[in-house]
Every structure is written in C-alpha cells, then in structure tokens.
Amino acid sequence: MTDFDFAIIIKSIPFLLEGMWVSLLLTLLAITGGLILGVLLALCRLAPYTWLSFAAGTYVNFFRSMPLILIIFWFYFLVPFILGRPVGSFYSVLTAFVMFEAAYYCEIIRAGIQSVRTGQVYAGQALGLTYAQNMRFVVLPQAFRAMMPILLTQSIIMFQDTSLVYVVGLRDFLVAADIVANRDNRLMEMYMTVAIVYFALCLVGQLGIHKLQKKFPTGR
Amino acid sequence: MNYNWDWGVLFCTVEDAAAGCSQPFFQWIVSGFGWTIAVAAAAWVIAFSLGSLIGVMRTLENPILRGIGTGYVTIFRNIPLLVQMFLWYFVMPELLPKEAGMWVKRGMPMPEYWTAVFCLGTYTASRVGEQVRAGIQSITQGQRYAAMAIGLRPTQVYRYILLPVGYRIIIPPLTSDFLGIFKNSSLALTIGVLELTAQTRQIEEYTFQGFEAFTAATLLYILVTAIVMAVMRVVESRVAIPGMISLGAK
C-alpha cells in the first residue's frame with residue numbers, strides 16, 4: 001500500500017472518461033432497445049395465440065440459459081457475418097445486449113402486467129373500453145408502477161454487465177483502465193478506481209430507486 | 001457471405017491433419033465443460049454457506065451483525081463481477097502481508113481456479129443472502145415466538161424452525177442463483193481458466209469454425225439449465241410445505 005500512486009489516476013482521468021462515455025452510451029442504447037423488444041416479447045407471451053406465446057417463451061428461455069459472455073462472442077461474429085461487412089465491435093456488442101436484455105425485461109414486464117388484478121380489466125371492459133384503450137388507460141399505467149423498481153434494478157445490473165465487453169476489447173471504462181494499468185504497471189490503483197467508481201454509481205442508482213419507490217408506492 | 005460449415009472439427013479426438021484436426025478439439029470441449037462444472041459446484045458451496053450466514057445475520061436483532069450483513073450485500077452487489085474477479089486476482093495478493101502474497105501468487109495450487117471459485121462464491125453469496133433473508137422474513141412471526149415459547153435458544157430457533165422452513169420457500173430463487181453461478185463461471189476465462197466458453201473461443205482461433213464451437217457450448221449450457229430446472233421442480237414439489245406458497249422464480 002505504501003506506493004499507492006494517486007497521480008496516475010488523476011493523469012488518466014480524461015482517458016477513463018472516454019471509456020465511461022462508451023459504457024454509459026452502451027447502457028442507455030441497450031436499455032432503450034431492450035425495453036422496446038422486451039415489451040413486444042411480453043405482449044407476444046401474453047397473446048391469446050399459442051404459437052406466438054410459445055415462440056416468445058422459447059426466445060426468453062434460450063437467452064436466459066446462456067452466459068452473457070457467450071452471447072457477446074456469438075454476436076461479435078454473427079453480426080458482421082449477417083451484414084456481410086465489418087461493423088465494429090460496438091454495434092455487435094450492442095446487438096448482443098439488446099437481444100439478451102430483452103429476454104429479462106420481457107419477464108419483468110409480463111409479471112408486471114399479470115400483477116394487475118383481473119377486476120380492473122373487467123371494470124375497463126364494463127365501461128366499454130376496447131382492448132387497446134383498456135391496456136393504455138387501465139392495465140399498463142398500473143403495471144408500469146409495479147414493475148418500475150425491478151426494471152431499474154435490472155438496468156443497474158446491466159450497467160455492471162457492460163463491463164463484460166472486455167472479452168472483445170471494446171474500449172469501455174474497464175478496458176480503458178485496464179490499458180493504463182498494464183501500460184504503467186499500476187494494476188492496483190486502476191482496478192481499485194474502477195471498483196470504487198462502479199460502486200458509487202450503482203449505489204446512487206439504488207438509492208434513487210428507493211426514493212422513487214417511496215414517492216410512488218404501488219398502493220398494495 | 002460464405003461460411004464453410006464443418007461440424008467435423010467438434011469431433012476431433014486425435015491430432016490428424018488429413019481429417020482437418022489440428023488439435024483434439026472434442027477433448028477440449030469435454031475438459032472445458034468439466035471445468036465449468038467444477039468452478040460452479042465449488043463456488044456454490046461457498047455461496048450457499050456464506051450466503052446463509054449473511055442472510056441470517058440480516059434477520060438478527062443485533063445491529064452490528066445486521067450492519068455487517070447489509071454492508072456485505074451492498075458492496076458485493078454494486079461492483080461488477082468482472083471487476084471483482086480482477087481485484088481478487090491482481091490486487092488482493094499485493095495487499096496481503098508479503099509472505100501470504102507470495103504464497104497466493106507462487107505457492108497456491110491452481111491459482112486461477114481457486115480465485116475464480118472464491119470470487120464467484122463470495123459474489124453469489126450476496127444474492128443468496130438476500131434470498132435467505134426474504135425466506136426467513138416471509139415466515140410468520142408466530143413461528144418464531146412459538147419456538148421461543150417452548151424454550152428453544154436463538155440458534156435452535158434458526159436451526160429447527162426458521163431455516164428448514166425458509167430454505168424450502170426459496171427453492172425457486174435459489175435455483176436461479178445456482179444457474180447464475182453456472183453461467184457466470186464463464187467469467188473465469190478472463191483470468192485464464194479454460195472453461196467451456198474459453199475452449200470454444202480457442203477452437204474458433206485455431207479453426208475459424210466459431211459458429212460450430214459456439215453452438216456446441218450453447219447446447220451444453222441449455223442442456224444443464226434444463227436438467228437443473230427439471231430436477232429442482234421435482235425437489236420443490238417433494239419438499240413443499242402444505243399451505244405455504246413458495247416465493248416463485250422470477
């Protein structure tokens with residue numbers, strides 16, 4: 001501990017910030033894409049057509065039984081192969097995260113929709129609302145409240161998971177720190193910095209979720 | 001784009017250049033699968049025992065023990081697993097006293113394996129701890145009071161009443177935690193454990209037949225997941241307590 005070198009951390013801040021930007025951008029895009037695909041999948045799973053819910057269910061189970069690293073490897077090779085040209089690791093990895101995250105979001109959203117009491121649905125129908133209106137004004141607002149904390153928690157987990165892009169060398173926060181660490185042989189300083197920064201960010205996120213939960217109780 | 005499918009590489013058991021086998025890739029996959037199981041199983045032992053301890057601590061009345069439990073969960077849940085892996089493997093030996101650090105680096109047998117096991121175990125313990133706590137807290141207080149009323153000591157209350165009931169309630173989330181360890185064991189490749197994913201990556205590097213290798217790994221992961229889920233479903237229904245609803249897998 002005696003030769004802990006703070007100067008190297010300060011000196012590499014701009015470089016690390018660039019990496020953090022990649023991590024955050026990847027997280028935000030993956031959340032957006034994952035949510036869109038996840039909602040579609042959840043609606044498919046709850047659809048009255050057996051084949052549709054079966055297909056969505058298979059998708060979810062498939063992606064949930066594979067390690068994320070393997071999925072990253074799959075898409076790292078698959079995306080350029082399908083497009084027929086190199087696209088850069090960022091887009092391959094983003095595709096992997098969107099596909100992977102959608103499977104998890106789907107289950108959360110499905111559980112949220114199912115947690116709305118059937119009486120509410122019947123009441124909506126009794127008022128003469130169409131299926132779309134019932135979803136839009138009665139079911140989804142309540143479901144959204146119920147699943148919001150879990151969705152956000154899952155998003156924090158995903159932010160942590162983006163560090164796995166290390167395996168394909170995309171220059172995110174961890175990889176940027178790793179580059180400095182190996183270049184200057186300062187593994188201890190850099191890895192500890194990474195751990196503390198991730199810890200602080202995730203903790204702030206978690207506390208935010210707690211506050212949100214208190215502000216918008218589900219009323220049950 | 002052209003891709004020459006060659007499933008044959010997966011079944012190379014001997015080095016045979018004529019058959020397109022530069023290495024015994026079949027054995028690679030088998031040994032990788034073996035390491036995956038070995039990492040996951042050993043890590044689960046740590047995760048389950050340490051996690052139970054943490055979970056119990058968080059339900060105690062002693063504020064210090066409860067604080068330690070909460071602190072543990074907060075720290076281990078908010079640092080990415082990969083970063084934890086690097087901390088244990090690269091940083092921890094430097095922080096130890098000199099002799100201990102040297103032993104970890106040089107003397108310890110299979111340092112990558114044991115580091116990966118320890119890291120996965122302690123990480124998953126934070127998750128198991130949350131499940132155990134939820135399981136214990138879902139038992140009605142009446143059970144605890146009844147146990148105390150018949151004169152059981154606190155350890156006995158946990159040993160004979162709260163834990164046996166709690167564990168049975170949380171079988172589904174525990175199953176998904178175990179599958180989590182099984183999948184997360186792939187992170188061990190970053191510190192050099194040649195488990196299943198690492199082996200398939202290596203086959204890709206040797207043969208450029210990446211899709212075949214990844215398919216093999218995918219099938220193996222899915223197979224194990226399906227088996228574990230099926231077995232645990234049977235276990236759950238066998239040990240279910242009549243009148244109690246389990247916490248249900250997410």
# chains A, B, ... in the order shown; residues from 1 in each chain; ligands from 1
$ residues_around --residues "Phe33 (chain B)" --least-positions-apart "4" --cutoff "9 Å" --atoms "only C-alpha atoms" --output "list in words"
Trp28, Ile29, Ile37, Ala38, Glu195, Leu196, Thr197, Gln199, Ala217 and Leu220 of chain B
$ select_by_dssp --residues "region 118-197 of chain B" --states "alpha helix (DSSP H)" --output "PyMOL selection string"
chain B and resi 118-137+141-149+154-156+163-169+171-184+196-197
$ closest_residue --among "B:Pro97, B:Gly107, B:Pro80, B:Gly121" --to "chain A" --atoms "only C-alpha atoms"
B:Pro80
$ residues_around --residues "Arg133 (chain B)" --least-positions-apart "6" --cutoff "7 Å" --atoms "only C-alpha atoms" --output "PDB file with N, CA and C atoms, in the first residue's frame"
ATOM      1  N   GLY B  55     -27.510 -14.017   5.234  1.00  0.00           N
ATOM      2  CA  GLY B  55     -28.967 -13.886   5.297  1.00  0.00           C
ATOM      3  C   GLY B  55     -29.463 -13.937   6.726  1.00  0.00           C
ATOM      4  N   VAL B  56     -28.928 -14.878   7.509  1.00  0.00           N
ATOM      5  CA  VAL B  56     -29.327 -14.999   8.910  1.00  0.00           C
ATOM      6  C   VAL B  56     -28.922 -13.739   9.671  1.00  0.00           C
ATOM      7  N   ARG B  58     -28.691 -10.794   8.675  1.00  0.00           N
ATOM      8  CA  ARG B  58     -29.546  -9.643   8.372  1.00  0.00           C
ATOM      9  C   ARG B  58     -30.906  -9.737   9.045  1.00  0.00           C
ATOM     10  N   THR B  59     -31.252 -10.911   9.608  1.00  0.00           N
ATOM     11  CA  THR B  59     -32.533 -11.015  10.297  1.00  0.00           C
ATOM     12  C   THR B  59     -32.365 -10.931  11.809  1.00  0.00           C
TER      13      THR B  59
END
$ closest_atom_pairs --of "chain B" --to "chain A" --cutoff "10 Å" --atoms "only C-alpha atoms" --output "JSON lines"
{"residue": "B:Met1", "atom": "CA", "partner": "A:Gly84", "partner_atom": "CA", "distance": 5.5}
{"residue": "B:Asn2", "atom": "CA", "partner": "A:Phe81", "partner_atom": "CA", "distance": 8.6}
{"residue": "B:Tyr3", "atom": "CA", "partner": "A:Phe81", "partner_atom": "CA", "distance": 8.6}
{"residue": "B:Thr74", "atom": "CA", "partner": "A:Leu203", "partner_atom": "CA", "distance": 7.9}
{"residue": "B:Ile75", "atom": "CA", "partner": "A:Phe199", "partner_atom": "CA", "distance": 7.2}
{"residue": "B:Phe76", "atom": "CA", "partner": "A:Phe199", "partner_atom": "CA", "distance": 9.0}
{"residue": "B:Arg77", "atom": "CA", "partner": "A:Phe199", "partner_atom": "CA", "distance": 8.6}
{"residue": "B:Asn78", "atom": "CA", "partner": "A:Phe199", "partner_atom": "CA", "distance": 5.0}
{"residue": "B:Ile79", "atom": "CA", "partner": "A:Phe199", "partner_atom": "CA", "distance": 5.2}
{"residue": "B:Pro80", "atom": "CA", "partner": "A:Gln160", "partner_atom": "CA", "distance": 4.8}
{"residue": "B:Leu81", "atom": "CA", "partner": "A:Gln160", "partner_atom": "CA", "distance": 7.8}
{"residue": "B:Leu82", "atom": "CA", "partner": "A:Leu164", "partner_atom": "CA", "distance": 6.9}
{"residue": "B:Val83", "atom": "CA", "partner": "A:Ala195", "partner_atom": "CA", "distance": 6.3}
{"residue": "B:Gln84", "atom": "CA", "partner": "A:Ala195", "partner_atom": "CA", "distance": 7.5}
{"residue": "B:Phe86", "atom": "CA", "partner": "A:Tyr191", "partner_atom": "CA", "distance": 7.1}
{"residue": "B:Leu87", "atom": "CA", "partner": "A:Tyr191", "partner_atom": "CA", "distance": 6.5}
{"residue": "B:Phe90", "atom": "CA", "partner": "A:Leu187", "partner_atom": "CA", "distance": 6.8}
{"residue": "B:Val91", "atom": "CA", "partner": "A:Met188", "partner_atom": "CA", "distance": 5.0}
{"residue": "B:Met92", "atom": "CA", "partner": "A:Met188", "partner_atom": "CA", "distance": 8.5}
{"residue": "B:Pro93", "atom": "CA", "partner": "A:Met188", "partner_atom": "CA", "distance": 9.9}
{"residue": "B:Glu94", "atom": "CA", "partner": "A:Met188", "partner_atom": "CA", "distance": 7.8}
{"residue": "B:Leu95", "atom": "CA", "partner": "A:Met1", "partner_atom": "CA", "distance": 6.6}
{"residue": "B:Leu96", "atom": "CA", "partner": "A:Met1", "partner_atom": "CA", "distance": 9.5}
{"residue": "B:Ser176", "atom": "CA", "partner": "A:Ser65", "partner_atom": "CA", "distance": 10.0}
{"residue": "B:Leu179", "atom": "CA", "partner": "A:Ser65", "partner_atom": "CA", "distance": 7.9}
{"residue": "B:Gly180", "atom": "CA", "partner": "A:Pro67", "partner_atom": "CA", "distance": 8.4}
{"residue": "B:Ile181", "atom": "CA", "partner": "A:Pro67", "partner_atom": "CA", "distance": 9.7}
{"residue": "B:Phe182", "atom": "CA", "partner": "A:Pro67", "partner_atom": "CA", "distance": 8.3}
{"residue": "B:Lys183", "atom": "CA", "partner": "A:Pro67", "partner_atom": "CA", "distance": 4.6}
{"residue": "B:Asn184", "atom": "CA", "partner": "A:Pro67", "partner_atom": "CA", "distance": 6.4}
{"residue": "B:Ser185", "atom": "CA", "partner": "A:Pro67", "partner_atom": "CA", "distance": 8.5}
{"residue": "B:Ser186", "atom": "CA", "partner": "A:Pro67", "partner_atom": "CA", "distance": 6.8}
{"residue": "B:Leu187", "atom": "CA", "partner": "A:Ile69", "partner_atom": "CA", "distance": 7.3}
{"residue": "B:Leu189", "atom": "CA", "partner": "A:Val167", "partner_atom": "CA", "distance": 9.0}
{"residue": "B:Thr190", "atom": "CA", "partner": "A:Val167", "partner_atom": "CA", "distance": 7.3}
{"residue": "B:Leu196", "atom": "CA", "partner": "A:Leu70", "partner_atom": "CA", "distance": 9.6}
{"residue": "B:Thr197", "atom": "CA", "partner": "A:Leu70", "partner_atom": "CA", "distance": 6.3}
{"residue": "B:Ala198", "atom": "CA", "partner": "A:Leu70", "partner_atom": "CA", "distance": 9.2}
{"residue": "B:Thr200", "atom": "CA", "partner": "A:Leu70", "partner_atom": "CA", "distance": 9.2}
{"residue": "B:Arg201", "atom": "CA", "partner": "A:Phe73", "partner_atom": "CA", "distance": 8.0}
{"residue": "B:Gly210", "atom": "CA", "partner": "A:Phe77", "partner_atom": "CA", "distance": 7.8}
{"residue": "B:Phe211", "atom": "CA", "partner": "A:Trp74", "partner_atom": "CA", "distance": 7.4}
{"residue": "B:Phe214", "atom": "CA", "partner": "A:Trp74", "partner_atom": "CA", "distance": 6.8}
{"residue": "B:Thr215", "atom": "CA", "partner": "A:Trp74", "partner_atom": "CA", "distance": 8.9}
{"residue": "B:Ala217", "atom": "CA", "partner": "A:Leu70", "partner_atom": "CA", "distance": 8.2}
{"residue": "B:Thr218", "atom": "CA", "partner": "A:Met66", "partner_atom": "CA", "distance": 6.5}
{"residue": "B:Leu219", "atom": "CA", "partner": "A:Met66", "partner_atom": "CA", "distance": 9.1}
{"residue": "B:Leu220", "atom": "CA", "partner": "A:Met66", "partner_atom": "CA", "distance": 9.4}
{"residue": "B:Tyr221", "atom": "CA", "partner": "A:Met66", "partner_atom": "CA", "distance": 6.1}
{"residue": "B:Ile222", "atom": "CA", "partner": "A:Ser65", "partner_atom": "CA", "distance": 5.5}
{"residue": "B:Leu223", "atom": "CA", "partner": "A:Ser65", "partner_atom": "CA", "distance": 8.9}
{"residue": "B:Val224", "atom": "CA", "partner": "A:Ser65", "partner_atom": "CA", "distance": 8.8}
{"residue": "B:Thr225", "atom": "CA", "partner": "A:Ser65", "partner_atom": "CA", "distance": 6.0}
{"residue": "B:Ala226", "atom": "CA", "partner": "A:Ser65", "partner_atom": "CA", "distance": 8.3}
{"residue": "B:Lys250", "atom": "CA", "partner": "A:Glu107", "partner_atom": "CA", "distance": 7.4}
$ residues_around --residues "region 138-150 of chain A" --least-positions-apart "4" --cutoff "12 Å" --atoms "only C-alpha atoms" --output "CSV table (one decimal) with C-alpha atoms, in the first residue's frame"
chain,number,residue,atom,x,y,z
A,35,LEU,CA,-37.3,-2.2,-23.5
A,39,VAL,CA,-42.5,-5.0,-24.4
A,43,LEU,CA,-47.2,-8.8,-25.4
A,104,TYR,CA,-35.0,-10.3,-18.9
A,105,TYR,CA,-37.2,-7.2,-19.4
A,106,CYS,CA,-39.8,-9.4,-21.1
A,107,GLU,CA,-40.2,-11.5,-17.9
A,108,ILE,CA,-40.4,-8.4,-15.7
A,109,ILE,CA,-42.9,-6.7,-17.9
A,110,ARG,CA,-45.0,-9.8,-18.2
A,111,ALA,CA,-45.1,-10.2,-14.4
A,112,GLY,CA,-46.0,-6.5,-14.1
A,113,ILE,CA,-48.9,-6.8,-16.4
A,114,GLN,CA,-50.1,-10.0,-14.7
A,115,SER,CA,-49.9,-8.4,-11.3
A,116,VAL,CA,-52.8,-6.1,-12.3
A,117,ARG,CA,-55.9,-7.5,-10.7
A,118,THR,CA,-58.4,-9.0,-13.2
A,119,GLY,CA,-61.2,-7.0,-11.6
A,120,GLN,CA,-59.5,-3.9,-13.1
A,121,VAL,CA,-59.6,-5.4,-16.6
A,122,TYR,CA,-63.3,-6.4,-16.2
A,123,ALA,CA,-64.1,-2.9,-14.9
A,124,GLY,CA,-62.5,-1.5,-18.0
A,125,GLN,CA,-64.4,-3.8,-20.3
A,127,LEU,CA,-67.0,0.7,-19.2
A,129,LEU,CA,-63.2,0.3,-23.4
A,130,THR,CA,-61.6,-1.5,-26.3
A,131,TYR,CA,-58.6,-3.8,-25.8
A,132,ALA,CA,-56.1,-1.1,-26.7
A,133,GLN,CA,-57.8,1.5,-24.6
A,134,ASN,CA,-58.0,-0.9,-21.6
A,154,GLN,CA,-32.2,-4.7,-13.8
A,155,SER,CA,-30.9,-1.7,-15.7
A,156,ILE,CA,-28.3,-1.2,-13.0
A,157,ILE,CA,-27.3,-4.8,-13.3
A,205,GLY,CA,-28.8,4.5,-8.7
A,206,GLN,CA,-30.0,2.1,-6.0
A,207,LEU,CA,-30.8,4.9,-3.5
A,208,GLY,CA,-32.6,6.7,-6.3
A,209,ILE,CA,-34.8,3.7,-6.9
A,210,HIS,CA,-35.6,3.5,-3.1
A,211,LYS,CA,-36.7,7.2,-3.2
A,212,LEU,CA,-38.8,6.6,-6.2
A,213,GLN,CA,-40.5,3.6,-4.6
A,214,LYS,CA,-41.4,5.8,-1.6
A,215,LYS,CA,-42.7,8.5,-3.8
A,216,PHE,CA,-44.8,6.3,-5.9
A,217,PRO,CA,-46.0,3.4,-3.8
A,218,THR,CA,-47.9,0.7,-5.7
A,219,GLY,CA,-50.7,1.0,-3.2
A,220,ARG,CA,-50.9,-2.6,-2.4
B,250,LYS,CA,-38.7,-14.7,-11.4
$ residues_around --residues "region 163-169 of chain B" --least-positions-apart "2" --cutoff "9 Å" --atoms "only C-alpha atoms" --output "list of chain:residue names"
B:Ser52, B:Val56, B:Gln131, B:Val132, B:Arg133, B:Ala134, B:Gly135, B:Ile136, B:Gln137, B:Ser138, B:Ile139, B:Val157, B:Tyr158, B:Arg159, B:Tyr160, B:Ile161, B:Ile171, B:Pro172, B:Leu174, B:Glu236, B:Val239, B:Ala240, B:Ile241, B:Met244, B:Ile245, B:Ser246, B:Leu247, B:Gly248
$ atom_distance --atom1 "CA of Leu17 (chain A)" --atom2 "CA of Arg171 (chain A)"
11.0 Å
$ residues_around --residues "Glu18 (chain A)" --least-positions-apart "5" --cutoff "10 Å" --atoms "only C-alpha atoms" --output "list in words"
Ile13, Ser23, Arg171, Asp172, Phe173 and Ala176 of chain A
$ closest_residue --among "B:Ala125, B:Ile191, B:Val9, B:Val231" --to "Ala43 (chain B)" --atoms "only C-alpha atoms"
B:Ala125
$ residues_around --residues "Val93 (chain A)" --least-positions-apart "6" --cutoff "8 Å" --atoms "only C-alpha atoms" --output "PyMOL selection string"
chain A and resi 72+75-76+165
$ write_last_selection --atoms "N, CA and C atoms" --output "PDB file, in the first residue's frame"
ATOM      1  N   ILE A  72     -22.151 -12.532 -26.221  1.00  0.00           N
ATOM      2  CA  ILE A  72     -21.311 -11.471 -26.806  1.00  0.00           C
ATOM      3  C   ILE A  72     -20.420 -12.052 -27.905  1.00  0.00           C
ATOM      4  N   PHE A  75     -22.569 -12.811 -31.105  1.00  0.00           N
ATOM      5  CA  PHE A  75     -22.936 -11.671 -31.934  1.00  0.00           C
ATOM      6  C   PHE A  75     -21.718 -10.958 -32.495  1.00  0.00           C
ATOM      7  N   TYR A  76     -20.609 -11.078 -31.785  1.00  0.00           N
ATOM      8  CA  TYR A  76     -19.369 -10.474 -32.275  1.00  0.00           C
ATOM      9  C   TYR A  76     -19.009 -11.054 -33.639  1.00  0.00           C
ATOM     10  N   VAL A 165     -17.820  -6.387 -21.973  1.00  0.00           N
ATOM     11  CA  VAL A 165     -17.313  -6.143 -23.329  1.00  0.00           C
ATOM     12  C   VAL A 165     -15.790  -6.260 -23.348  1.00  0.00           C
TER      13      VAL A 165
END
$ closest_residue --among "B:Ile46, B:Pro154, B:Trp7, B:Arg106" --to "Leu60 (chain B)" --atoms "only C-alpha atoms"
B:Pro154
$ atom_distance --atom1 "CA of Met148 (chain B)" --atom2 "CA of Ser237 (chain B)"
29.3 Å
